[in-house]
>>> print(open('my_file.txt').read())   # compact mmCIF, N, CA and C atoms
# COMPACT_ATOMS: atom_id res chain seq x y z
N MET A 201 -17.05 -2.19 2.12
CA MET A 201 -16.03 -1.94 3.12
C MET A 201 -15.65 -0.45 3.07
N LEU A 202 -15.51 0.14 4.23
CA LEU A 202 -15.17 1.55 4.33
C LEU A 202 -13.71 1.78 3.99
N LYS A 203 -13.42 2.97 3.48
CA LYS A 203 -12.03 3.37 3.28
C LYS A 203 -11.41 3.60 4.65
N PHE A 204 -10.07 3.59 4.70
CA PHE A 204 -9.36 3.75 5.97
C PHE A 204 -9.80 5.02 6.68
N GLU A 205 -9.83 6.13 5.95
CA GLU A 205 -10.18 7.42 6.56
C GLU A 205 -11.60 7.41 7.11
N GLU A 206 -12.53 6.77 6.37
CA GLU A 206 -13.91 6.68 6.84
C GLU A 206 -14.00 5.79 8.08
N SER A 207 -13.26 4.71 8.09
CA SER A 207 -13.24 3.82 9.25
C SER A 207 -12.70 4.54 10.47
N LEU A 208 -11.63 5.30 10.27
CA LEU A 208 -11.03 6.03 11.37
C LEU A 208 -11.98 7.10 11.92
N GLN A 209 -12.67 7.81 11.03
CA GLN A 209 -13.64 8.81 11.48
C GLN A 209 -14.77 8.17 12.27
N ARG A 210 -15.26 7.04 11.78
CA ARG A 210 -16.34 6.33 12.49
C ARG A 210 -15.85 5.85 13.85
N LEU A 211 -14.63 5.35 13.90
CA LEU A 211 -14.06 4.89 15.16
C LEU A 211 -13.93 6.05 16.15
N GLU A 212 -13.51 7.21 15.67
CA GLU A 212 -13.41 8.39 16.54
C GLU A 212 -14.78 8.80 17.07
N LYS A 213 -15.82 8.70 16.24
CA LYS A 213 -17.18 9.03 16.67
C LYS A 213 -17.66 8.05 17.73
N ILE A 214 -17.37 6.78 17.53
CA ILE A 214 -17.75 5.76 18.51
C ILE A 214 -17.09 6.03 19.86
N VAL A 215 -15.81 6.33 19.83
CA VAL A 215 -15.08 6.63 21.07
C VAL A 215 -15.69 7.84 21.77
N ALA A 216 -15.99 8.88 21.00
CA ALA A 216 -16.59 10.08 21.58
C ALA A 216 -17.94 9.76 22.20
N ASP A 217 -18.77 8.98 21.51
CA ASP A 217 -20.08 8.61 22.04
C ASP A 217 -19.96 7.80 23.32
N LEU A 218 -19.00 6.86 23.35
CA LEU A 218 -18.81 6.04 24.54
C LEU A 218 -18.26 6.87 25.70
N GLU A 219 -17.41 7.83 25.40
CA GLU A 219 -16.84 8.66 26.46
C GLU A 219 -17.88 9.58 27.08
N LYS A 220 -18.88 9.98 26.30
CA LYS A 220 -19.96 10.83 26.84
C LYS A 220 -20.71 10.10 27.95
N GLY A 221 -20.88 8.78 27.77
CA GLY A 221 -21.55 7.98 28.79
C GLY A 221 -23.05 8.12 28.80
N ASP A 222 -23.65 8.73 27.78
CA ASP A 222 -25.10 8.91 27.78
C ASP A 222 -25.84 7.91 26.88
N VAL A 223 -25.19 6.79 26.58
CA VAL A 223 -25.85 5.73 25.80
C VAL A 223 -26.12 4.54 26.73
N SER A 224 -27.15 3.80 26.38
CA SER A 224 -27.52 2.65 27.21
C SER A 224 -26.42 1.59 27.17
N LEU A 225 -26.50 0.68 28.12
CA LEU A 225 -25.52 -0.41 28.17
C LEU A 225 -25.57 -1.23 26.89
N GLU A 226 -26.77 -1.54 26.43
CA GLU A 226 -26.93 -2.33 25.21
C GLU A 226 -26.31 -1.61 24.01
N LYS A 227 -26.58 -0.33 23.88
CA LYS A 227 -26.03 0.47 22.77
C LYS A 227 -24.51 0.57 22.92
N SER A 228 -24.02 0.70 24.15
CA SER A 228 -22.57 0.76 24.40
C SER A 228 -21.88 -0.50 23.91
N LEU A 229 -22.50 -1.65 24.19
CA LEU A 229 -21.92 -2.92 23.75
C LEU A 229 -21.89 -3.03 22.23
N VAL A 230 -22.95 -2.57 21.57
CA VAL A 230 -23.00 -2.59 20.10
C VAL A 230 -21.91 -1.67 19.54
N LEU A 231 -21.79 -0.47 20.11
CA LEU A 231 -20.77 0.48 19.66
C LEU A 231 -19.37 -0.07 19.91
N PHE A 232 -19.17 -0.69 21.08
CA PHE A 232 -17.87 -1.26 21.41
C PHE A 232 -17.49 -2.35 20.41
N GLU A 233 -18.44 -3.22 20.09
CA GLU A 233 -18.17 -4.30 19.14
C GLU A 233 -17.82 -3.72 17.76
N GLU A 234 -18.58 -2.73 17.31
CA GLU A 234 -18.28 -2.09 16.02
C GLU A 234 -16.90 -1.44 16.06
N GLY A 235 -16.61 -0.78 17.17
CA GLY A 235 -15.31 -0.12 17.32
C GLY A 235 -14.15 -1.10 17.26
N MET A 236 -14.32 -2.25 17.89
CA MET A 236 -13.26 -3.27 17.86
C MET A 236 -13.05 -3.79 16.44
N GLN A 237 -14.13 -3.98 15.70
CA GLN A 237 -14.01 -4.43 14.31
C GLN A 237 -13.30 -3.37 13.46
N LEU A 238 -13.69 -2.11 13.63
CA LEU A 238 -13.05 -1.02 12.89
C LEU A 238 -11.58 -0.89 13.26
N SER A 239 -11.28 -1.03 14.55
CA SER A 239 -9.90 -0.95 15.01
C SER A 239 -9.04 -2.03 14.35
N GLY A 240 -9.56 -3.25 14.32
CA GLY A 240 -8.84 -4.35 13.68
C GLY A 240 -8.64 -4.10 12.20
N GLN A 241 -9.68 -3.59 11.54
CA GLN A 241 -9.59 -3.29 10.11
C GLN A 241 -8.54 -2.21 9.85
N CYS A 242 -8.55 -1.14 10.66
CA CYS A 242 -7.58 -0.05 10.49
C CYS A 242 -6.15 -0.56 10.75
N ARG A 243 -5.98 -1.37 11.78
CA ARG A 243 -4.66 -1.91 12.11
C ARG A 243 -4.14 -2.77 10.96
N LYS A 244 -5.01 -3.58 10.39
CA LYS A 244 -4.62 -4.44 9.28
C LYS A 244 -4.19 -3.61 8.07
N GLU A 245 -4.97 -2.56 7.76
CA GLU A 245 -4.62 -1.71 6.63
C GLU A 245 -3.30 -0.98 6.86
N LEU A 246 -3.07 -0.53 8.09
CA LEU A 246 -1.80 0.14 8.40
C LEU A 246 -0.62 -0.81 8.28
N GLU A 247 -0.79 -2.04 8.74
CA GLU A 247 0.29 -3.02 8.63
C GLU A 247 0.59 -3.34 7.17
N GLN A 248 -0.45 -3.43 6.34
CA GLN A 248 -0.25 -3.68 4.92
C GLN A 248 0.47 -2.51 4.26
N ALA A 249 0.07 -1.30 4.62
CA ALA A 249 0.70 -0.11 4.05
C ALA A 249 2.16 -0.02 4.48
N GLU A 250 2.43 -0.34 5.74
CA GLU A 250 3.80 -0.31 6.25
C GLU A 250 4.69 -1.27 5.47
N GLY A 251 4.14 -2.43 5.15
CA GLY A 251 4.90 -3.42 4.41
C GLY A 251 5.19 -2.99 2.98
N LYS A 252 4.38 -2.08 2.44
CA LYS A 252 4.55 -1.64 1.06
C LYS A 252 5.43 -0.40 0.92
N VAL A 253 5.67 0.27 2.06
CA VAL A 253 6.44 1.51 1.99
C VAL A 253 7.90 1.19 1.65
N GLU A 254 8.36 1.78 0.59
CA GLU A 254 9.74 1.55 0.18
C GLU A 254 10.35 2.86 -0.30
N ILE A 255 11.64 2.95 -0.22
CA ILE A 255 12.37 4.09 -0.75
C ILE A 255 13.14 3.62 -1.97
N LEU A 256 12.98 4.36 -3.04
CA LEU A 256 13.72 4.00 -4.25
C LEU A 256 15.02 4.79 -4.30
N LEU A 257 16.11 4.09 -4.44
CA LEU A 257 17.42 4.71 -4.54
C LEU A 257 18.02 4.41 -5.90
N LYS A 258 18.71 5.36 -6.42
CA LYS A 258 19.37 5.14 -7.70
C LYS A 258 20.81 4.72 -7.40
N GLN A 259 21.12 3.48 -7.73
CA GLN A 259 22.46 2.96 -7.51
C GLN A 259 22.92 2.28 -8.79
N ASN A 260 24.08 2.66 -9.26
CA ASN A 260 24.65 2.07 -10.47
C ASN A 260 23.71 2.15 -11.66
N GLY A 261 23.00 3.26 -11.77
CA GLY A 261 22.10 3.45 -12.90
C GLY A 261 20.81 2.67 -12.83
N LYS A 262 20.56 1.98 -11.73
CA LYS A 262 19.34 1.18 -11.57
C LYS A 262 18.57 1.67 -10.35
N LEU A 263 17.27 1.48 -10.40
CA LEU A 263 16.46 1.78 -9.23
C LEU A 263 16.40 0.53 -8.37
N GLN A 264 16.66 0.72 -7.09
CA GLN A 264 16.66 -0.42 -6.17
C GLN A 264 15.75 -0.09 -4.99
N ALA A 265 14.89 -1.01 -4.64
CA ALA A 265 13.97 -0.81 -3.51
C ALA A 265 14.68 -1.14 -2.21
N GLU A 266 14.43 -0.31 -1.21
CA GLU A 266 14.98 -0.53 0.12
C GLU A 266 13.86 -0.39 1.12
N ALA A 267 13.88 -1.15 2.18
CA ALA A 267 12.85 -1.06 3.22
C ALA A 267 12.89 0.33 3.84
N PHE A 268 11.73 0.87 4.14
CA PHE A 268 11.62 2.19 4.74
C PHE A 268 11.98 2.14 6.21
N GLU A 269 12.78 3.10 6.64
CA GLU A 269 13.12 3.24 8.06
C GLU A 269 12.97 4.69 8.45
N LEU A 270 12.38 4.95 9.61
CA LEU A 270 12.30 6.30 10.11
C LEU A 270 13.68 6.78 10.50
N PRO A 271 13.96 8.09 10.41
CA PRO A 271 15.29 8.59 10.74
C PRO A 271 15.75 8.20 12.14
N ASN A 272 14.88 8.21 13.14
CA ASN A 272 15.31 7.85 14.50
C ASN A 272 15.62 6.37 14.63
N GLU A 273 15.08 5.52 13.74
CA GLU A 273 15.42 4.10 13.76
C GLU A 273 16.83 3.87 13.23
N LYS A 274 17.25 4.68 12.26
CA LYS A 274 18.59 4.56 11.72
C LYS A 274 19.62 4.94 12.78
N ALA A 275 19.28 5.94 13.60
CA ALA A 275 20.20 6.41 14.62
C ALA A 275 20.42 5.36 15.71
N LYS A 276 19.45 4.48 15.91
CA LYS A 276 19.56 3.45 16.95
C LYS A 276 20.55 2.36 16.58
N ARG A 277 20.87 2.25 15.30
CA ARG A 277 21.78 1.19 14.84
C ARG A 277 23.18 1.44 15.27
>>> encode(input="my_file.txt", output="structure tokens")
Amino acid sequence: MLKFEESLQRLEKIVADLEKGDVSLEKSLVLFEEGMQLSGQCRKELEQAEGKVEILLKQNGKLQAEAFELPNEKAKR
């Protein structure tokens, strides 16, 4: 299995090749299928990473994990 960065680079290459339009229909379908698989894999890895992102705060002498929020999300509250 490719690392996230490798998957993303391959996905970018596939998109570039498809955008050029100089590949056959059969090759386009193969590239599209590979791209969809890579896209799903990247999305899954990002969702897993998002779930693991935490901020450690020191409260009462203990470290406590808190869910990560972007600054603009805090402002919406």
>>> atom_distance(input="my_file.txt", atom1="atom C of A:Lys220", atom2="atom CA of A:Lys203")
27.0 Å
>>> closest_residue(input="my_file.txt", among="A:Ala249, A:Gln241, A:Asp217, A:Lys227", to="A:Phe204", atoms="only N, CA and C atoms")
A:Gln241
>>> closest_residue(input="my_file.txt", among="A:Leu246, A:Leu202, A:Leu231, A:Gln237", to="A:Val215", atoms="only C-alpha atoms")
A:Leu231
>>> axis_aligned_box(input="my_file.txt", around="stretch 214-224 of chain A", padding_each_side="5 Å", output="AutoDock Vina command-line options")
--center_x -21.3 --center_y 6.2 --center_z 23.2 --size_x 22.4 --size_y 19.2 --size_z 21.3
>>> closest_residue(input="my_file.txt", among="A:Met201, A:Lys252, A:Glu212, A:Leu218", to="A:Phe232", atoms="only N, CA and C atoms")
A:Leu218
